[in-house]
Amino acid sequence: MPSVLTQGALDEAFLHGEETSGRSREVITLVAGTYVSGSVVISDEGGSYALATQALVDADVDGDAKYAIVCRNVTGAAPFKAAAIVRDASVKSSELITGTGLTVAEATPLLAKEHVIVRETR
């Protein structure tokens, strides 16, 4: 009997498109943890990023947090570097991952601040 391969989402499956000169991506520092491709992250005052939750969004009282989307499945036991979409891109709503209490619909205007357009998909 043949084996059945169950494959997860591909890295960067969340992308519709990005700026062709490479301007859409940067290397960011993620706080320790596991992130899957398409994870929406928010910066803290020190410039490190964590999975965006409603509590972290609410804690940004001065509105200066930056938002990004992690490009690949990554894990680190301490803060680590990873590639992320930080501006000028179009992404699929159905492929985005948000943290506790935050929906993709709520993250959409936050990503729009970075010129990342979230397109509705199923």
# chains A, B, ... in the order shown; residues from 1 in each chain; ligands from 1
>>> residues_around(residues="Ser43 of chain A", least_positions_apart="3", cutoff="9 Å", atoms="only C-alpha atoms", output="PyMOL selection string")
chain A and resi 30+46-50+52+64-68
>>> write_last_selection(atoms="C-alpha atoms", output="PDB file, in the first residue's frame")
ATOM      1  CA  LEU A  30      11.972  37.600  17.020  1.00  0.00           C
ATOM      2  CA  GLY A  46      13.319  47.572  21.950  1.00  0.00           C
ATOM      3  CA  GLY A  47      12.626  46.630  18.339  1.00  0.00           C
ATOM      4  CA  SER A  48      12.141  42.879  18.860  1.00  0.00           C
ATOM      5  CA  TYR A  49       9.004  41.238  17.474  1.00  0.00           C
ATOM      6  CA  ALA A  50       6.546  38.774  19.050  1.00  0.00           C
ATOM      7  CA  ALA A  52       0.732  39.820  17.692  1.00  0.00           C
ATOM      8  CA  ASP A  64       4.509  53.394  17.342  1.00  0.00           C
ATOM      9  CA  ALA A  65       4.634  49.589  17.080  1.00  0.00           C
ATOM     10  CA  LYS A  66       5.637  48.098  13.741  1.00  0.00           C
ATOM     11  CA  TYR A  67       3.987  45.046  12.222  1.00  0.00           C
ATOM     12  CA  ALA A  68       5.473  42.320  10.018  1.00  0.00           C
TER      13      ALA A  68
END
>>> residues_around(residues="Asp88 of chain A", least_positions_apart="2", cutoff="12 Å", atoms="only C-alpha atoms", output="list in words")
Leu15, His16, Gly17, Glu18, Glu19, Thr20, Ser21, Gly22, Arg23, Ser24, Arg25, Glu26, Ala68, Ile69, Ala84, Ile85, Val86, Ser90, Val91, Leu111, Ala112, Lys113, Glu114, His115, Val116, Ile117 and Val118 of chain A
>>> write_last_selection(atoms="N, CA, C and O atoms", output="mmCIF file, in the first residue's frame")
data_model
loop_
_atom_site.group_PDB
_atom_site.id
_atom_site.type_symbol
_atom_site.label_atom_id
_atom_site.label_comp_id
_atom_site.auth_asym_id
_atom_site.auth_seq_id
_atom_site.Cartn_x
_atom_site.Cartn_y
_atom_site.Cartn_z
ATOM 1 N N LEU A 15 1.769 34.820 0.717
ATOM 2 C CA LEU A 15 2.036 35.944 -0.186
ATOM 3 C C LEU A 15 1.230 35.883 -1.474
ATOM 4 O O LEU A 15 1.180 34.853 -2.142
ATOM 5 N N HIS A 16 0.582 36.994 -1.811
ATOM 6 C CA HIS A 16 0.037 37.187 -3.155
ATOM 7 C C HIS A 16 1.141 37.772 -4.017
ATOM 8 O O HIS A 16 1.344 37.356 -5.149
ATOM 9 N N GLY A 17 1.822 38.765 -3.483
ATOM 10 C CA GLY A 17 2.894 39.412 -4.218
ATOM 11 C C GLY A 17 3.632 40.376 -3.321
ATOM 12 O O GLY A 17 3.162 40.764 -2.263
ATOM 13 N N GLU A 18 4.834 40.741 -3.765
ATOM 14 C CA GLU A 18 5.641 41.696 -3.024
ATOM 15 C C GLU A 18 6.395 42.591 -3.978
ATOM 16 O O GLU A 18 6.470 42.315 -5.174
ATOM 17 N N GLU A 19 6.963 43.653 -3.463
ATOM 18 C CA GLU A 19 7.712 44.615 -4.264
ATOM 19 C C GLU A 19 8.910 43.893 -4.881
ATOM 20 O O GLU A 19 9.651 43.206 -4.190
ATOM 21 N N THR A 20 9.104 44.028 -6.178
ATOM 22 C CA THR A 20 10.086 43.206 -6.893
ATOM 23 C C THR A 20 11.544 43.546 -6.616
ATOM 24 O O THR A 20 12.414 42.729 -6.874
ATOM 25 N N SER A 21 11.846 44.705 -6.086
ATOM 26 C CA SER A 21 13.247 45.057 -5.832
ATOM 27 C C SER A 21 13.763 44.454 -4.528
ATOM 28 O O SER A 21 14.922 44.635 -4.183
ATOM 29 N N GLY A 22 12.928 43.738 -3.793
ATOM 30 C CA GLY A 22 13.322 43.162 -2.515
ATOM 31 C C GLY A 22 13.058 44.080 -1.338
ATOM 32 O O GLY A 22 13.394 43.762 -0.206
ATOM 33 N N ARG A 23 12.454 45.215 -1.591
ATOM 34 C CA ARG A 23 12.185 46.211 -0.558
ATOM 35 C C ARG A 23 11.163 45.713 0.472
ATOM 36 O O ARG A 23 11.082 46.232 1.580
ATOM 37 N N SER A 24 10.394 44.703 0.156
ATOM 38 C CA SER A 24 9.345 44.213 1.052
ATOM 39 C C SER A 24 9.894 43.483 2.274
ATOM 40 O O SER A 24 9.224 43.399 3.292
ATOM 41 N N ARG A 25 11.103 42.961 2.175
ATOM 42 C CA ARG A 25 11.637 42.092 3.224
ATOM 43 C C ARG A 25 12.762 42.743 4.009
ATOM 44 O O ARG A 25 13.535 43.525 3.474
ATOM 45 N N GLU A 26 12.834 42.343 5.273
ATOM 46 C CA GLU A 26 13.960 42.702 6.129
ATOM 47 C C GLU A 26 14.207 41.551 7.082
ATOM 48 O O GLU A 26 13.338 40.704 7.275
ATOM 49 N N ALA A 68 4.809 43.069 11.083
ATOM 50 C CA ALA A 68 5.473 42.320 10.018
ATOM 51 C C ALA A 68 4.845 40.933 9.951
ATOM 52 O O ALA A 68 4.040 40.558 10.815
ATOM 53 N N ILE A 69 5.234 40.181 8.934
ATOM 54 C CA ILE A 69 4.756 38.804 8.769
ATOM 55 C C ILE A 69 5.975 37.918 8.557
ATOM 56 O O ILE A 69 6.793 38.157 7.658
ATOM 57 N N ALA A 84 11.282 38.608 7.254
ATOM 58 C CA ALA A 84 9.866 38.978 7.398
ATOM 59 C C ALA A 84 9.468 39.952 6.299
ATOM 60 O O ALA A 84 10.305 40.690 5.776
ATOM 61 N N ILE A 85 8.194 39.933 5.977
ATOM 62 C CA ILE A 85 7.610 40.952 5.104
ATOM 63 C C ILE A 85 7.292 42.140 6.005
ATOM 64 O O ILE A 85 6.551 42.001 6.978
ATOM 65 N N VAL A 86 7.871 43.297 5.698
ATOM 66 C CA VAL A 86 7.687 44.468 6.552
ATOM 67 C C VAL A 86 6.997 45.631 5.847
ATOM 68 O O VAL A 86 6.596 46.597 6.492
ATOM 69 N N SER A 90 1.236 42.200 -0.781
ATOM 70 C CA SER A 90 -0.154 41.768 -0.753
ATOM 71 C C SER A 90 -0.161 40.332 -0.229
ATOM 72 O O SER A 90 0.614 39.495 -0.696
ATOM 73 N N VAL A 91 -1.036 40.070 0.766
ATOM 74 C CA VAL A 91 -1.041 38.764 1.417
ATOM 75 C C VAL A 91 -2.454 38.182 1.470
ATOM 76 O O VAL A 91 -3.432 38.899 1.343
ATOM 77 N N LEU A 111 -1.587 46.061 9.643
ATOM 78 C CA LEU A 111 -0.653 45.757 8.554
ATOM 79 C C LEU A 111 -0.702 46.834 7.477
ATOM 80 O O LEU A 111 0.316 47.132 6.850
ATOM 81 N N ALA A 112 -1.872 47.442 7.285
ATOM 82 C CA ALA A 112 -1.998 48.503 6.278
ATOM 83 C C ALA A 112 -1.097 49.691 6.604
ATOM 84 O O ALA A 112 -0.631 50.386 5.700
ATOM 85 N N LYS A 113 -0.814 49.915 7.899
ATOM 86 C CA LYS A 113 0.129 50.976 8.282
ATOM 87 C C LYS A 113 1.503 50.749 7.656
ATOM 88 O O LYS A 113 2.254 51.686 7.439
ATOM 89 N N GLU A 114 1.821 49.485 7.385
ATOM 90 C CA GLU A 114 3.113 49.113 6.788
ATOM 91 C C GLU A 114 2.990 48.932 5.273
ATOM 92 O O GLU A 114 3.890 48.426 4.632
ATOM 93 N N HIS A 115 1.845 49.293 4.728
ATOM 94 C CA HIS A 115 1.560 49.127 3.294
ATOM 95 C C HIS A 115 1.530 47.657 2.883
ATOM 96 O O HIS A 115 1.965 47.290 1.796
ATOM 97 N N VAL A 116 1.003 46.833 3.785
ATOM 98 C CA VAL A 116 0.763 45.424 3.499
ATOM 99 C C VAL A 116 -0.745 45.263 3.366
ATOM 100 O O VAL A 116 -1.492 45.510 4.311
ATOM 101 N N ILE A 117 -1.185 44.866 2.172
ATOM 102 C CA ILE A 117 -2.602 44.728 1.869
ATOM 103 C C ILE A 117 -3.025 43.282 2.130
ATOM 104 O O ILE A 117 -2.423 42.354 1.604
ATOM 105 N N VAL A 118 -4.057 43.114 2.940
ATOM 106 C CA VAL A 118 -4.597 41.785 3.223
ATOM 107 C C VAL A 118 -5.789 41.569 2.304
ATOM 108 O O VAL A 118 -6.760 42.312 2.334
#
>>> closest_residue(among="A:Ser37, A:Arg119, A:Val57, A:Arg87", to="Leu102 of chain A", atoms="only C-alpha atoms")
A:Val57
>>> closest_residue(among="A:Val74, A:Val61, A:Leu56, A:Val104", to="Ala32 of chain A", atoms="only C-alpha atoms")
A:Val74
>>> select_by_dssp(residues="segment 52-114 of chain A", states="strand (DSSP E or B)", output="VMD selection string")
chain A and resid 67 to 70 74 to 76 80 to 85 89 to 92 97
>>> write_last_selection(atoms="C-alpha atoms", output="CSV table (one decimal), in the first residue's frame")
chain,number,residue,atom,x,y,z
A,67,TYR,CA,4.0,45.0,12.2
A,68,ALA,CA,5.5,42.3,10.0
A,69,ILE,CA,4.8,38.8,8.8
A,70,VAL,CA,7.2,36.0,9.3
A,74,VAL,CA,11.3,29.2,12.6
A,75,THR,CA,12.0,28.4,16.2
A,76,GLY,CA,14.5,29.8,18.7
A,80,PHE,CA,16.9,35.2,17.0
A,81,LYS,CA,16.9,36.7,13.5
A,82,ALA,CA,14.4,35.8,10.8
A,83,ALA,CA,13.2,37.1,7.4
A,84,ALA,CA,9.9,39.0,7.4
A,85,ILE,CA,7.6,41.0,5.1
A,89,ALA,CA,3.2,43.5,-0.2
A,90,SER,CA,-0.2,41.8,-0.8
A,91,VAL,CA,-1.0,38.8,1.4
A,92,LYS,CA,-3.8,36.1,1.7
A,97,ILE,CA,-1.7,33.5,11.9
>>> closest_residue(among="A:Ser39, A:Asn73, A:Thr34, A:Glu12", to="Thr98 of chain A", atoms="only C-alpha atoms")
A:Ser39
>>> atom_distance(atom1="atom CA of Glu45 of chain A", atom2="atom CA of Ser94 of chain A")
29.1 Å
>>> closest_residue(among="A:Val41, A:Gln54, A:Ser93, A:Ala107", to="Cys71 of chain A", atoms="only C-alpha atoms")
A:Val41
>>> closest_residue(among="A:Glu106, A:Ala55, A:Asp11, A:Ala77", to="Gly38 of chain A", atoms="only C-alpha atoms")
A:Asp11
>>> atom_distance(atom1="atom CA of Gly99 of chain A", atom2="atom CA of Thr29 of chain A")
17.6 Å
>>> select_by_dssp(residues="chain A", states="alpha helix (DSSP H)", output="count of residues only")
15
>>> closest_residue(among="A:Arg72, A:Thr100, A:Ala105, A:Thr121", to="Tyr35 of chain A", atoms="only C-alpha atoms")
A:Arg72
>>> atom_distance(atom1="atom CA of Glu95 of chain A", atom2="atom CA of Asp58 of chain A")
23.4 Å
